[in-house]
$ cat data-v8.cif   # mmCIF, C-alpha atoms and all ligand atoms
data_entry
#
loop_
_atom_site.label_atom_id
_atom_site.label_comp_id
_atom_site.auth_asym_id
_atom_site.auth_seq_id
_atom_site.Cartn_x
_atom_site.Cartn_y
_atom_site.Cartn_z
CA MET A 1 134.51 -78.45 97.33
CA ILE A 2 131.05 -79.80 98.18
CA TRP A 3 129.31 -78.15 101.09
CA PRO A 4 126.37 -79.86 102.78
CA GLU A 5 122.94 -78.73 101.56
CA ASN A 6 121.54 -78.66 105.08
CA VAL A 7 123.14 -77.94 108.42
CA THR A 8 121.67 -78.61 111.86
CA ILE A 9 122.14 -75.83 114.36
CA LYS A 10 122.02 -76.80 118.03
CA GLU A 11 121.14 -73.73 120.07
CA VAL A 12 123.07 -73.75 123.35
CA GLY A 13 122.37 -70.15 124.41
CA PRO A 14 120.04 -70.95 127.34
CA ARG A 15 122.80 -73.17 128.82
CA ASP A 16 126.27 -72.23 127.53
CA GLY A 17 125.19 -68.65 126.93
CA LEU A 18 123.55 -67.95 130.26
CA GLN A 19 125.83 -70.02 132.52
CA ASN A 20 128.44 -67.27 132.49
CA GLU A 21 126.11 -64.30 132.90
CA LYS A 22 126.39 -62.59 136.28
CA VAL A 23 122.97 -60.84 136.14
CA MET A 24 120.49 -63.41 137.44
CA ILE A 25 117.68 -63.90 134.94
CA PRO A 26 114.38 -64.96 136.57
CA ALA A 27 113.15 -68.44 135.63
CA GLN A 28 110.00 -67.02 133.98
CA SER A 29 112.10 -64.80 131.69
CA LYS A 30 114.19 -67.82 130.64
CA ILE A 31 110.99 -69.74 129.97
CA ASP A 32 109.61 -66.88 127.84
CA TRP A 33 112.88 -66.71 125.90
CA ILE A 34 113.07 -70.46 125.27
CA ASP A 35 109.42 -70.44 124.18
CA GLN A 36 110.31 -67.73 121.68
CA LEU A 37 113.33 -69.75 120.49
CA SER A 38 110.94 -72.66 119.93
CA GLU A 39 109.10 -70.48 117.37
CA THR A 40 112.17 -69.82 115.20
CA GLY A 41 112.46 -73.15 113.37
CA LEU A 42 115.29 -74.47 115.55
CA SER A 43 115.12 -78.26 115.90
CA TYR A 44 117.36 -78.52 118.97
CA ILE A 45 117.66 -76.37 122.09
CA GLU A 46 119.89 -77.04 125.09
CA VAL A 47 117.75 -75.49 127.78
CA THR A 48 119.76 -75.74 131.00
CA SER A 49 122.17 -77.87 133.04
CA PHE A 50 121.68 -80.05 136.09
CA VAL A 51 124.98 -79.29 137.80
CA HIS A 52 125.78 -78.19 141.34
CA PRO A 53 124.15 -74.76 141.91
CA LYS A 54 127.25 -73.60 143.81
CA TRP A 55 129.25 -74.00 140.61
CA ILE A 56 126.73 -72.47 138.20
CA PRO A 57 124.27 -70.34 140.22
CA GLN A 58 122.60 -68.91 137.08
CA LEU A 59 121.15 -72.33 136.22
CA SER A 60 120.02 -73.32 139.73
CA ASP A 61 116.42 -72.99 138.48
CA SER A 62 116.91 -75.81 135.97
CA ILE A 63 113.94 -77.96 137.02
CA GLU A 64 111.56 -74.99 137.05
CA VAL A 65 112.74 -73.85 133.61
CA ALA A 66 112.67 -77.32 132.05
CA LYS A 67 109.19 -77.97 133.43
CA GLY A 68 107.90 -74.51 132.54
CA ILE A 69 108.70 -74.35 128.82
CA LYS A 70 106.14 -75.22 126.14
CA ARG A 71 107.27 -78.35 124.34
CA ASN A 72 107.17 -78.41 120.58
CA PRO A 73 107.19 -82.10 119.56
CA ASP A 74 109.43 -81.27 116.57
CA ILE A 75 112.17 -79.90 118.84
CA THR A 76 114.65 -81.86 120.95
CA TYR A 77 115.10 -80.20 124.35
CA ALA A 78 118.45 -81.16 125.86
CA ALA A 79 120.32 -80.44 129.09
CA LEU A 80 123.82 -80.86 130.46
CA VAL A 81 124.28 -83.55 133.11
CA PRO A 82 127.55 -84.35 134.97
CA ASN A 83 126.54 -87.38 137.05
CA GLN A 84 123.71 -89.66 138.27
CA ARG A 85 122.34 -86.96 140.53
CA GLY A 86 121.99 -84.60 137.56
CA LEU A 87 120.49 -87.36 135.44
CA GLU A 88 117.76 -88.02 138.03
CA SER A 89 116.78 -84.34 137.94
CA ALA A 90 116.86 -84.26 134.13
CA ILE A 91 114.57 -87.29 133.97
CA GLU A 92 112.23 -85.72 136.53
CA ALA A 93 112.11 -82.60 134.33
CA ASN A 94 111.36 -84.74 131.25
CA ILE A 95 114.43 -83.65 129.26
CA ASP A 96 114.53 -85.32 125.80
CA GLU A 97 118.28 -85.71 125.37
CA ILE A 98 121.04 -85.87 127.98
CA SER A 99 124.39 -84.18 127.32
CA VAL A 100 127.32 -85.52 129.29
CA PHE A 101 130.56 -83.56 129.28
CA MET A 102 134.23 -83.94 130.05
CA SER A 103 137.53 -82.56 128.81
CA SER A 104 140.34 -84.03 126.78
CA SER A 105 142.92 -82.31 129.03
CA GLU A 106 143.40 -83.30 132.69
CA THR A 107 143.56 -79.89 134.33
CA HIS A 108 140.46 -78.47 132.67
CA ASN A 109 138.57 -81.65 133.52
CA LEU A 110 139.64 -81.36 137.14
CA LYS A 111 138.70 -77.66 137.40
CA ASN A 112 135.38 -78.18 135.61
CA ILE A 113 134.06 -81.37 137.20
CA ASN A 114 136.44 -81.97 140.10
CA LYS A 115 137.79 -85.31 138.89
CA SER A 116 140.66 -86.73 136.87
CA ILE A 117 139.84 -88.08 133.40
CA SER A 118 140.26 -91.68 134.55
CA ASP A 119 137.90 -91.09 137.51
CA THR A 120 135.38 -89.38 135.22
CA LEU A 121 135.11 -92.16 132.64
CA PRO A 122 133.30 -94.66 134.94
CA VAL A 123 130.85 -91.89 135.90
CA MET A 124 130.17 -91.28 132.21
CA LYS A 125 129.69 -94.99 131.61
CA ASP A 126 127.10 -95.21 134.41
CA VAL A 127 125.22 -92.08 133.39
CA ILE A 128 125.11 -93.03 129.69
CA GLY A 129 123.94 -96.55 130.59
CA SER A 130 121.23 -95.29 132.98
CA ALA A 131 120.04 -92.66 130.51
CA ALA A 132 119.70 -95.32 127.81
CA LYS A 133 117.69 -97.53 130.21
CA SER A 134 115.35 -94.57 130.73
CA GLY A 135 114.90 -94.26 126.98
CA LYS A 136 117.01 -91.10 126.61
CA THR A 137 119.56 -90.48 123.89
CA VAL A 138 122.91 -89.11 125.02
CA ARG A 139 125.21 -86.57 123.45
CA GLY A 140 128.82 -86.34 124.63
CA TYR A 141 130.71 -83.07 124.84
CA VAL A 142 134.48 -83.27 124.69
CA SER A 143 136.11 -79.98 125.72
CA THR A 144 139.54 -78.39 125.12
CA VAL A 145 139.88 -80.21 121.78
CA PHE A 146 142.03 -77.47 120.24
CA GLY A 147 143.78 -76.22 123.37
CA CYS A 148 143.53 -76.10 127.16
CA PRO A 149 143.72 -72.89 129.21
CA TYR A 150 146.00 -74.63 131.71
CA GLU A 151 148.03 -77.07 129.61
CA GLY A 152 148.24 -75.39 126.21
CA GLN A 153 148.30 -77.76 123.24
CA VAL A 154 146.11 -80.85 123.25
CA SER A 155 146.94 -83.69 120.87
CA PRO A 156 144.32 -85.40 118.68
CA GLU A 157 145.25 -88.66 120.49
CA GLN A 158 144.10 -87.15 123.81
CA VAL A 159 140.80 -86.19 122.18
CA PHE A 160 140.32 -89.55 120.44
CA ARG A 161 140.96 -91.41 123.69
CA VAL A 162 137.99 -89.69 125.34
CA CYS A 163 135.74 -89.81 122.23
CA ASP A 164 136.42 -93.54 121.72
CA GLN A 165 135.36 -94.27 125.29
CA LEU A 166 132.21 -92.17 125.12
CA PHE A 167 131.13 -93.81 121.85
CA GLU A 168 131.83 -97.22 123.38
CA TYR A 169 129.58 -96.31 126.34
CA GLY A 170 126.76 -95.42 123.93
CA ILE A 171 126.64 -91.71 123.06
CA ASN A 172 124.89 -91.05 119.76
CA GLU A 173 126.90 -87.94 118.90
CA VAL A 174 130.06 -86.18 120.02
CA SER A 175 130.31 -82.41 120.26
CA LEU A 176 133.93 -81.33 119.87
CA GLY A 177 134.53 -78.15 121.84
CA ASP A 178 137.00 -75.36 121.17
CA THR A 179 136.28 -74.30 124.74
CA ILE A 180 138.61 -71.30 124.83
CA GLY A 181 138.36 -70.31 121.17
CA VAL A 182 142.00 -70.90 120.21
CA ALA A 183 141.55 -73.00 117.07
CA SER A 184 142.62 -71.75 113.66
CA PRO A 185 141.24 -73.13 110.38
CA ARG A 186 144.52 -74.93 109.75
CA GLN A 187 144.34 -76.66 113.12
CA VAL A 188 140.71 -77.58 112.47
CA ALA A 189 141.71 -79.03 109.08
CA LEU A 190 144.57 -81.07 110.55
CA PHE A 191 142.27 -82.41 113.27
CA LEU A 192 139.31 -83.19 111.01
CA GLU A 193 141.54 -84.85 108.41
CA ARG A 194 142.03 -87.59 111.01
CA ALA A 195 138.70 -87.42 112.84
CA VAL A 196 136.57 -87.98 109.72
CA LYS A 197 138.43 -91.21 109.07
CA ARG A 198 137.85 -92.39 112.61
CA TYR A 199 134.21 -91.41 113.27
CA ASP A 200 130.98 -91.23 111.29
CA ILE A 201 130.67 -87.58 110.20
CA SER A 202 126.92 -87.59 110.93
CA LYS A 203 127.79 -88.22 114.60
CA MET A 204 130.21 -85.30 114.94
CA ALA A 205 129.26 -81.76 115.92
CA LEU A 206 131.65 -78.83 116.23
CA HIS A 207 131.31 -76.39 119.12
CA PHE A 208 133.31 -73.23 118.51
CA HIS A 209 133.77 -70.35 120.92
CA ASP A 210 134.61 -67.01 119.34
CA THR A 211 137.16 -65.77 121.87
CA ARG A 212 139.65 -64.77 119.17
CA GLY A 213 137.18 -64.06 116.38
CA MET A 214 137.95 -67.32 114.54
CA ALA A 215 134.69 -69.21 115.03
CA LEU A 216 133.07 -68.55 111.64
CA ALA A 217 136.34 -69.25 109.82
CA ASN A 218 136.52 -72.54 111.70
CA VAL A 219 132.92 -73.39 110.77
CA LEU A 220 133.76 -72.74 107.13
CA GLN A 221 136.76 -75.05 107.36
CA SER A 222 134.62 -77.74 109.03
CA LEU A 223 132.04 -77.51 106.21
CA ASP A 224 134.82 -78.45 103.80
CA TYR A 225 135.19 -81.70 105.72
CA GLY A 226 131.46 -82.38 105.55
CA VAL A 227 130.51 -81.44 109.11
CA GLU A 228 126.73 -80.89 109.25
CA ILE A 229 126.09 -80.11 112.92
CA PHE A 230 127.19 -76.96 114.75
CA ASP A 231 126.48 -75.67 118.24
CA SER A 232 125.91 -71.95 118.58
CA SER A 233 124.48 -69.42 120.96
CA LEU A 234 122.06 -66.69 120.01
CA GLY A 235 123.70 -63.27 119.93
CA GLY A 236 127.07 -64.84 120.81
CA LEU A 237 126.18 -65.16 124.48
CA GLY A 238 128.39 -67.33 126.61
CA GLY A 239 131.73 -68.53 127.86
CA CYS A 240 132.99 -71.15 130.24
CA PRO A 241 133.39 -70.34 133.92
CA TYR A 242 136.35 -72.76 134.13
CA ALA A 243 138.11 -71.46 131.02
CA PRO A 244 139.50 -68.01 131.93
CA GLY A 245 139.02 -65.47 129.15
CA ALA A 246 136.70 -67.69 127.10
CA SER A 247 133.99 -65.69 125.38
CA GLY A 248 130.72 -66.71 123.80
CA ASN A 249 129.93 -69.44 121.32
CA VAL A 250 129.76 -68.62 117.65
CA ALA A 251 126.59 -66.53 117.36
CA THR A 252 123.58 -68.38 115.94
CA ASP A 253 122.46 -65.25 114.09
CA ASP A 254 125.89 -64.71 112.47
CA LEU A 255 126.20 -68.40 111.63
CA ILE A 256 122.80 -68.50 109.97
CA HIS A 257 123.53 -65.32 108.02
CA MET A 258 126.66 -66.95 106.61
CA LEU A 259 125.09 -70.35 105.90
CA HIS A 260 121.95 -68.98 104.25
CA ASN A 261 124.05 -66.69 102.07
CA MET A 262 126.08 -69.73 101.00
CA GLY A 263 122.87 -71.49 99.97
CA ILE A 264 122.99 -73.88 102.95
CA GLN A 265 119.61 -74.46 104.60
CA THR A 266 118.99 -74.57 108.35
CA GLY A 267 115.20 -74.34 108.59
CA ILE A 268 115.55 -71.31 110.87
CA ASN A 269 113.75 -68.02 110.30
CA GLN A 270 116.22 -65.14 110.63
CA GLU A 271 113.64 -62.49 111.53
CA LYS A 272 112.15 -64.59 114.30
CA LEU A 273 115.65 -65.34 115.53
CA ILE A 274 116.53 -61.66 115.80
CA LYS A 275 113.27 -61.09 117.70
CA ALA A 276 114.33 -63.77 120.19
CA ALA A 277 117.81 -62.22 120.42
CA SER A 278 116.37 -58.80 121.21
CA MET A 279 114.28 -60.39 123.98
CA ILE A 280 117.27 -61.88 125.83
CA GLN A 281 119.23 -58.68 125.18
CA SER A 282 116.55 -56.68 126.97
CA PHE A 283 116.62 -59.10 129.93
CA LEU A 284 120.41 -58.80 130.18
CA GLU A 285 120.28 -55.02 129.73
CA LYS A 286 123.41 -54.98 127.56
CA PRO A 287 124.10 -55.31 123.83
CA LEU A 288 124.76 -58.84 122.63
CA PRO A 289 128.17 -59.32 120.99
CA SER A 290 127.08 -60.75 117.61
CA HIS A 291 127.52 -58.84 114.33
CA GLN A 292 123.84 -59.26 113.39
CA MET A 293 122.79 -57.72 116.69
CA ALA A 294 125.22 -54.83 116.18
CA VAL A 295 123.40 -54.13 112.88
CA TYR A 296 120.00 -54.53 114.57
CA ASN A 297 120.97 -52.27 117.49
CA ALA A 298 122.21 -49.55 115.12
CA GLN A 299 118.81 -49.34 113.35
P1 LIG B 301 131.70 -82.43 143.49
O1 LIG B 301 131.75 -81.38 144.57
O2 LIG B 301 132.95 -83.20 143.22
O3 LIG B 301 130.49 -83.43 143.75
O4 LIG B 301 131.21 -81.73 142.16
P2 LIG B 301 130.29 -84.57 144.79
O5 LIG B 301 129.82 -85.75 144.04
O6 LIG B 301 131.50 -84.71 145.70
O7 LIG B 301 129.08 -84.00 145.69
C1 LIG B 301 129.19 -82.83 146.48
C2 LIG B 301 127.82 -82.24 146.73
O8 LIG B 301 127.26 -81.81 145.48
C3 LIG B 301 126.81 -83.22 147.31
O9 LIG B 301 125.92 -82.46 148.15
C4 LIG B 301 126.03 -83.69 146.11
O10 LIG B 301 124.73 -84.12 146.40
C5 LIG B 301 125.98 -82.42 145.28
P3 LIG B 301 126.08 -82.46 149.74
O11 LIG B 301 125.95 -83.89 150.14
O12 LIG B 301 127.45 -81.91 150.01
O13 LIG B 301 124.97 -81.55 150.16
N1 LIG B 301 125.83 -82.71 143.84
C6 LIG B 301 124.91 -82.11 143.05
N2 LIG B 301 123.97 -81.19 143.28
C7 LIG B 301 123.19 -80.82 142.23
N3 LIG B 301 123.32 -81.34 140.99
C8 LIG B 301 124.26 -82.25 140.73
C9 LIG B 301 125.10 -82.68 141.78
N4 LIG B 301 126.12 -83.55 141.85
C10 LIG B 301 126.56 -83.56 143.11
N5 LIG B 301 124.37 -82.75 139.49
C11 LIG B 301 130.18 -81.76 140.01
C12 LIG B 301 131.13 -82.46 140.96
C13 LIG B 301 130.33 -82.41 138.64
C14 LIG B 301 128.76 -81.90 140.51
C15 LIG B 301 130.56 -80.26 139.96
O14 LIG B 301 131.92 -80.17 139.67
C16 LIG B 301 129.77 -79.49 138.94
O15 LIG B 301 128.58 -79.29 139.09
N6 LIG B 301 130.42 -79.03 137.85
C17 LIG B 301 129.73 -78.33 136.78
C18 LIG B 301 130.64 -77.43 136.06
C19 LIG B 301 129.95 -76.81 134.87
O16 LIG B 301 128.74 -76.79 134.76
N7 LIG B 301 130.77 -76.23 133.97
C20 LIG B 301 130.30 -75.57 132.82
C21 LIG B 301 129.77 -76.50 131.76
S1 LIG B 301 130.99 -77.31 130.77
C22 LIG B 301 131.24 -76.26 129.44
O17 LIG B 301 130.77 -75.15 129.49
C23 LIG B 301 131.95 -76.76 128.23
C24 LIG B 301 130.99 -77.07 127.07
O18 LIG B 301 130.23 -75.93 126.72
C25 LIG B 301 131.77 -77.54 125.83
C26 LIG B 301 132.95 -76.64 125.45
O19 LIG B 301 132.78 -75.43 125.27
O20 LIG B 301 134.04 -77.20 125.35
C27 LIG B 301 130.01 -78.20 127.45
MG MG B 302 130.96 -74.30 125.44
#
$ encode --input "data-v8.cif" --output "structure tokens" --more "lines below"
Ligand code: HMG
Ligand code: MG
Amino acid sequence: MIWPENVTIKEVGPRDGLQNEKVMIPAQSKIDWIDQLSETGLSYIEVTSFVHPKWIPQLSDSIEVAKGIKRNPDITYAALVPNQRGLESAIEANIDEISVFMSSSETHNLKNINKSISDTLPVMKDVIGSAAKSGKTVRGYVSTVFGCPYEGQVSPEQVFRVCDQLFEYGINEVSLGDTIGVASPRQVALFLERAVKRYDISKMALHFHDTRGMALANVLQSLDYGVEIFDSSLGGLGGCPYAPGASGNVATDDLIHMLHNMGIQTGINQEKLIKAASMIQSFLEKPLPSHQMAVYNAQ
């Protein structure tokens, strides 16, 4: 078994983490938190999303936040974009990388972005093409890879169909989402066995939610297949508003604790990370769900 020496962590807490939080965090607090995240050694932060504010009220301040943060030239600042309208705002806010998103199952796609998969694909094609013309790289999220809250099992063929299209349109990386945290290591292994033969491993990220406590086990399984990019959310913040019962992403602090103890480097400073976690915890006025923060809070 050969694990990668280095792993890239993509921090999605300011977007995936906050999008499900009911307590409205003021834009300036988000800016302060993202600025602190920028000090931790992270190389990638997804800062917000440019979606309809009616759907995700917490991120309705996206332009203000994206314009307000201090930019570290060594960090890629990304944002989620569903369509041309969102792309225009992301470009206005000088976002470095655009993340498009869609699901591999019909019903989740419909609930999340109000379109069938076949009606979504041309939108993706346009957005990816326009982003490229504006000099932006594009990441593609594919959701419900390991199961859909409405349809149950999702086959690898359904996932590959969407990934193939997005790569053809020009994404530089796919992020494979276990949106509702149903995957088991065996399912991850069976999926990756096929996926690594189909796609370049350096263009595949895994995005695990920890709804059933399986996220770290699934990361470990993915490392066995050579995956080197993982999305995570500081303190385990998060969920998906259109995936009932979904809880947060795998916690960045727990993930880093595991990786560093396995001798895998991330470039992230654990102490600075915990400082940033305690900042967002104080804004939310509730304990964060990660194990590292449970230890921190008990001290
Ligand atoms: P729609 O209602 O079908 O949009 O929503 P529309 O094109 O019919 O337009 C309706 C109105 O929305 C119009 O305004 C548009 O201008 C406006 P009106 O003329 O009525 O005043 N509009 C917008 N406003 C602001 N920003 C925009 C935008 N687009 C249209 N970008 C839409 C379609 C996609 C916009 C909507 O369904 C939406 O915003 N969905 C977002 C849902 C979302 O953010 N979900 C959570 C993120 S996905 C996730 O968490 C999974 C992930 O983490 C991976 C994983 O875990 O698997 C990524
Ligand atoms: Mg997610």
$ residues_near_ligand --input "data-v8.cif" --ligand "ligand MG 302 (chain B)" --cutoff "8 Å" --atoms "only C-alpha atoms and all ligand atoms" --output "CSV table (one decimal) with C-alpha atoms, keeping the file's coordinate frame"
chain,number,residue,atom,x,y,z
A,16,ASP,CA,126.3,-72.2,127.5
A,143,SER,CA,136.1,-80.0,125.7
A,177,GLY,CA,134.5,-78.2,121.8
A,178,ASP,CA,137.0,-75.4,121.2
A,179,THR,CA,136.3,-74.3,124.7
A,207,HIS,CA,131.3,-76.4,119.1
A,208,PHE,CA,133.3,-73.2,118.5
A,209,HIS,CA,133.8,-70.4,120.9
A,238,GLY,CA,128.4,-67.3,126.6
A,239,GLY,CA,131.7,-68.5,127.9
A,240,CYS,CA,133.0,-71.2,130.2
A,248,GLY,CA,130.7,-66.7,123.8
A,249,ASN,CA,129.9,-69.4,121.3
$ residues_near_ligand --input "data-v8.cif" --ligand "ligand LIG 301 (chain B)" --cutoff "7 Å" --atoms "all atoms listed in the file" --output "count of residues only"
32
$ closest_residue --input "data-v8.cif" --among "A:Ser118, A:Met293, A:Gly267, A:Ile98" --to "A:Met279" --atoms "all atoms listed in the file"
A:Met293
$ closest_residue --input "data-v8.cif" --among "A:Glu285, A:Asp164, A:Asp253, A:Glu173" --to "A:Thr40" --atoms "all atoms listed in the file"
A:Asp253
$ atom_distance --input "data-v8.cif" --atom1 "atom CA of A:Glu106" --atom2 "atom CA of A:Phe160"
14.1 Å
$ residues_around --input "data-v8.cif" --residues "stretch 62-73 of chain A" --least-positions-apart "2" --cutoff "8 Å" --atoms "only C-alpha atoms" --output "PyMOL selection string"
chain A and resi 27-28+30-32+34-35+38+47-50+59-60+75-76+89-90+92-95
$ residues_near_point --input "data-v8.cif" --point "(141.9, -79.8, 114.6)" --cutoff "10 Å" --atoms "only C-alpha atoms" --output "list in words"
Val145, Phe146, Gly147, Val154, Ser155, Pro156, Val159, Leu176, Asp178, Ala183, Ser184, Pro185, Arg186, Gln187, Val188, Ala189, Leu190, Phe191, Leu192, Glu193, Arg194, Ala195, Asn218 and Ser222 of chain A
$ closest_residue --input "data-v8.cif" --among "A:Thr8, A:Gln165, A:Ser282, A:Gln58" --to "A:Phe230" --atoms "only C-alpha atoms"
A:Thr8
$ atom_distance --input "data-v8.cif" --atom1 "atom CA of A:Leu121" --atom2 "atom CA of A:Ile9"
27.7 Å
$ atom_distance --input "data-v8.cif" --atom1 "atom CA of A:Thr252" --atom2 "atom CA of A:Gly181"
15.8 Å
$ closest_residue --input "data-v8.cif" --among "A:Arg139, A:Leu220, A:Val182, A:Glu168" --to "A:Gln153" --atoms "all atoms listed in the file"
A:Val182
$ closest_residue --input "data-v8.cif" --among "A:Ser104, A:Gln158, A:Thr266, A:Gln281" --to "A:Gly140" --atoms "all atoms listed in the file"
A:Ser104
$ residues_around --input "data-v8.cif" --residues "A:Glu21" --least-positions-apart "2" --cutoff "9 Å" --atoms "only C-alpha atoms" --output "PyMOL selection string"
chain A and resi 17-19+23-25+58+237-239+284
$ closest_residue --input "data-v8.cif" --among "A:Gln292, A:Lys286, A:Ala251, A:Asp96" --to "A:Ser134" --atoms "only C-alpha atoms"
A:Asp96
$ residues_around --input "data-v8.cif" --residues "A:Ile201" --least-positions-apart "2" --cutoff "10 Å" --atoms "all atoms listed in the file" --output "list in words"
Glu173, Val174, Leu192, Ala195, Val196, Lys197, Arg198, Tyr199, Lys203, Met204, Ala205, Tyr225, Gly226, Val227, Glu228 and Ile229 of chain A
$ residues_near_point --input "data-v8.cif" --point "(124.0, -63.7, 109.7)" --cutoff "10 Å" --atoms "all atoms listed in the file" --output "MDAnalysis selection string"
chainID A and resid 251:261 270 274 290:293
$ residues_around --input "data-v8.cif" --residues "A:Thr107" --least-positions-apart "3" --cutoff "9 Å" --atoms "all atoms listed in the file" --output "number ranges by chain"
A: 103, 110-112, 116, 148-151
$ decode --input "data-v8.cif" --residues "stretch 84-153 of chain A" --atoms "C-alpha atoms" --output "PDB file, in the first residue's frame"
ATOM      1  CA  GLN A  84     -24.320  32.552 -16.352  1.00  0.00           C
ATOM      2  CA  ARG A  85     -25.885  34.985 -13.911  1.00  0.00           C
ATOM      3  CA  GLY A  86     -23.783  33.544 -11.084  1.00  0.00           C
ATOM      4  CA  LEU A  87     -20.685  33.538 -13.272  1.00  0.00           C
ATOM      5  CA  GLU A  88     -21.069  37.263 -14.019  1.00  0.00           C
ATOM      6  CA  SER A  89     -21.169  38.007 -10.287  1.00  0.00           C
ATOM      7  CA  ALA A  90     -18.190  35.729  -9.606  1.00  0.00           C
ATOM      8  CA  ILE A  91     -16.156  37.501 -12.285  1.00  0.00           C
ATOM      9  CA  GLU A  92     -17.182  40.893 -10.898  1.00  0.00           C
ATOM     10  CA  ALA A  93     -15.968  39.716  -7.466  1.00  0.00           C
ATOM     11  CA  ASN A  94     -12.670  38.537  -8.981  1.00  0.00           C
ATOM     12  CA  ILE A  95     -13.037  34.882  -7.942  1.00  0.00           C
ATOM     13  CA  ASP A  96     -10.005  32.800  -9.036  1.00  0.00           C
ATOM     14  CA  GLU A  97     -11.723  29.491  -9.783  1.00  0.00           C
ATOM     15  CA  ILE A  98     -15.337  28.758 -10.670  1.00  0.00           C
ATOM     16  CA  SER A  99     -17.053  25.643  -9.298  1.00  0.00           C
ATOM     17  CA  VAL A 100     -20.023  24.404 -11.261  1.00  0.00           C
ATOM     18  CA  PHE A 101     -22.246  21.764  -9.710  1.00  0.00           C
ATOM     19  CA  MET A 102     -24.878  19.217 -10.619  1.00  0.00           C
ATOM     20  CA  SER A 103     -26.042  15.813  -9.447  1.00  0.00           C
ATOM     21  CA  SER A 104     -25.726  12.344 -10.882  1.00  0.00           C
ATOM     22  CA  SER A 105     -29.327  11.551  -9.855  1.00  0.00           C
ATOM     23  CA  GLU A 106     -32.330  13.279 -11.474  1.00  0.00           C
ATOM     24  CA  THR A 107     -34.404  14.102  -8.412  1.00  0.00           C
ATOM     25  CA  HIS A 108     -31.588  15.667  -6.399  1.00  0.00           C
ATOM     26  CA  ASN A 109     -30.568  17.703  -9.433  1.00  0.00           C
ATOM     27  CA  LEU A 110     -34.126  18.932  -9.856  1.00  0.00           C
ATOM     28  CA  LYS A 111     -34.526  19.843  -6.164  1.00  0.00           C
ATOM     29  CA  ASN A 112     -31.112  21.508  -6.005  1.00  0.00           C
ATOM     30  CA  ILE A 113     -30.991  23.508  -9.231  1.00  0.00           C
ATOM     31  CA  ASN A 114     -34.548  23.256 -10.561  1.00  0.00           C
ATOM     32  CA  LYS A 115     -33.689  21.455 -13.802  1.00  0.00           C
ATOM     33  CA  SER A 116     -33.422  17.940 -15.193  1.00  0.00           C
ATOM     34  CA  ILE A 117     -29.926  16.598 -15.863  1.00  0.00           C
ATOM     35  CA  SER A 118     -30.365  16.915 -19.630  1.00  0.00           C
ATOM     36  CA  ASP A 119     -31.506  20.556 -19.252  1.00  0.00           C
ATOM     37  CA  THR A 120     -28.585  21.285 -16.922  1.00  0.00           C
ATOM     38  CA  LEU A 121     -25.815  20.003 -19.200  1.00  0.00           C
ATOM     39  CA  PRO A 122     -26.137  22.809 -21.818  1.00  0.00           C
ATOM     40  CA  VAL A 123     -26.055  25.368 -18.975  1.00  0.00           C
ATOM     41  CA  MET A 124     -22.842  23.775 -17.700  1.00  0.00           C
ATOM     42  CA  LYS A 125     -21.353  23.820 -21.189  1.00  0.00           C
ATOM     43  CA  ASP A 126     -22.077  27.553 -21.554  1.00  0.00           C
ATOM     44  CA  VAL A 127     -20.808  28.487 -18.106  1.00  0.00           C
ATOM     45  CA  ILE A 128     -17.607  26.434 -18.433  1.00  0.00           C
ATOM     46  CA  GLY A 129     -16.962  27.910 -21.890  1.00  0.00           C
ATOM     47  CA  SER A 130     -17.576  31.499 -20.735  1.00  0.00           C
ATOM     48  CA  ALA A 131     -15.447  31.036 -17.621  1.00  0.00           C
ATOM     49  CA  ALA A 132     -12.573  29.751 -19.751  1.00  0.00           C
ATOM     50  CA  LYS A 133     -12.908  32.776 -22.074  1.00  0.00           C
ATOM     51  CA  SER A 134     -12.578  34.989 -18.995  1.00  0.00           C
ATOM     52  CA  GLY A 135      -9.389  33.172 -18.035  1.00  0.00           C
ATOM     53  CA  LYS A 136     -10.913  31.245 -15.114  1.00  0.00           C
ATOM     54  CA  THR A 137     -10.324  27.592 -14.367  1.00  0.00           C
ATOM     55  CA  VAL A 138     -13.402  25.519 -13.587  1.00  0.00           C
ATOM     56  CA  ARG A 139     -13.957  22.736 -11.105  1.00  0.00           C
ATOM     57  CA  GLY A 140     -16.999  20.477 -11.487  1.00  0.00           C
ATOM     58  CA  TYR A 141     -18.891  19.059  -8.528  1.00  0.00           C
ATOM     59  CA  VAL A 142     -20.874  15.909  -9.131  1.00  0.00           C
ATOM     60  CA  SER A 143     -23.268  15.176  -6.260  1.00  0.00           C
ATOM     61  CA  THR A 144     -25.054  12.035  -5.001  1.00  0.00           C
ATOM     62  CA  VAL A 145     -22.222   9.818  -6.283  1.00  0.00           C
ATOM     63  CA  PHE A 146     -22.759   7.176  -3.597  1.00  0.00           C
ATOM     64  CA  GLY A 147     -26.499   7.569  -3.070  1.00  0.00           C
ATOM     65  CA  CYS A 148     -29.409   9.964  -3.538  1.00  0.00           C
ATOM     66  CA  PRO A 149     -31.791  11.008  -0.742  1.00  0.00           C
ATOM     67  CA  TYR A 150     -34.743  10.600  -3.109  1.00  0.00           C
ATOM     68  CA  GLU A 151     -33.737   7.732  -5.395  1.00  0.00           C
ATOM     69  CA  GLY A 152     -31.474   5.584  -3.231  1.00  0.00           C
ATOM     70  CA  GLN A 153     -28.672   3.812  -5.080  1.00  0.00           C
TER      71      GLN A 153
END
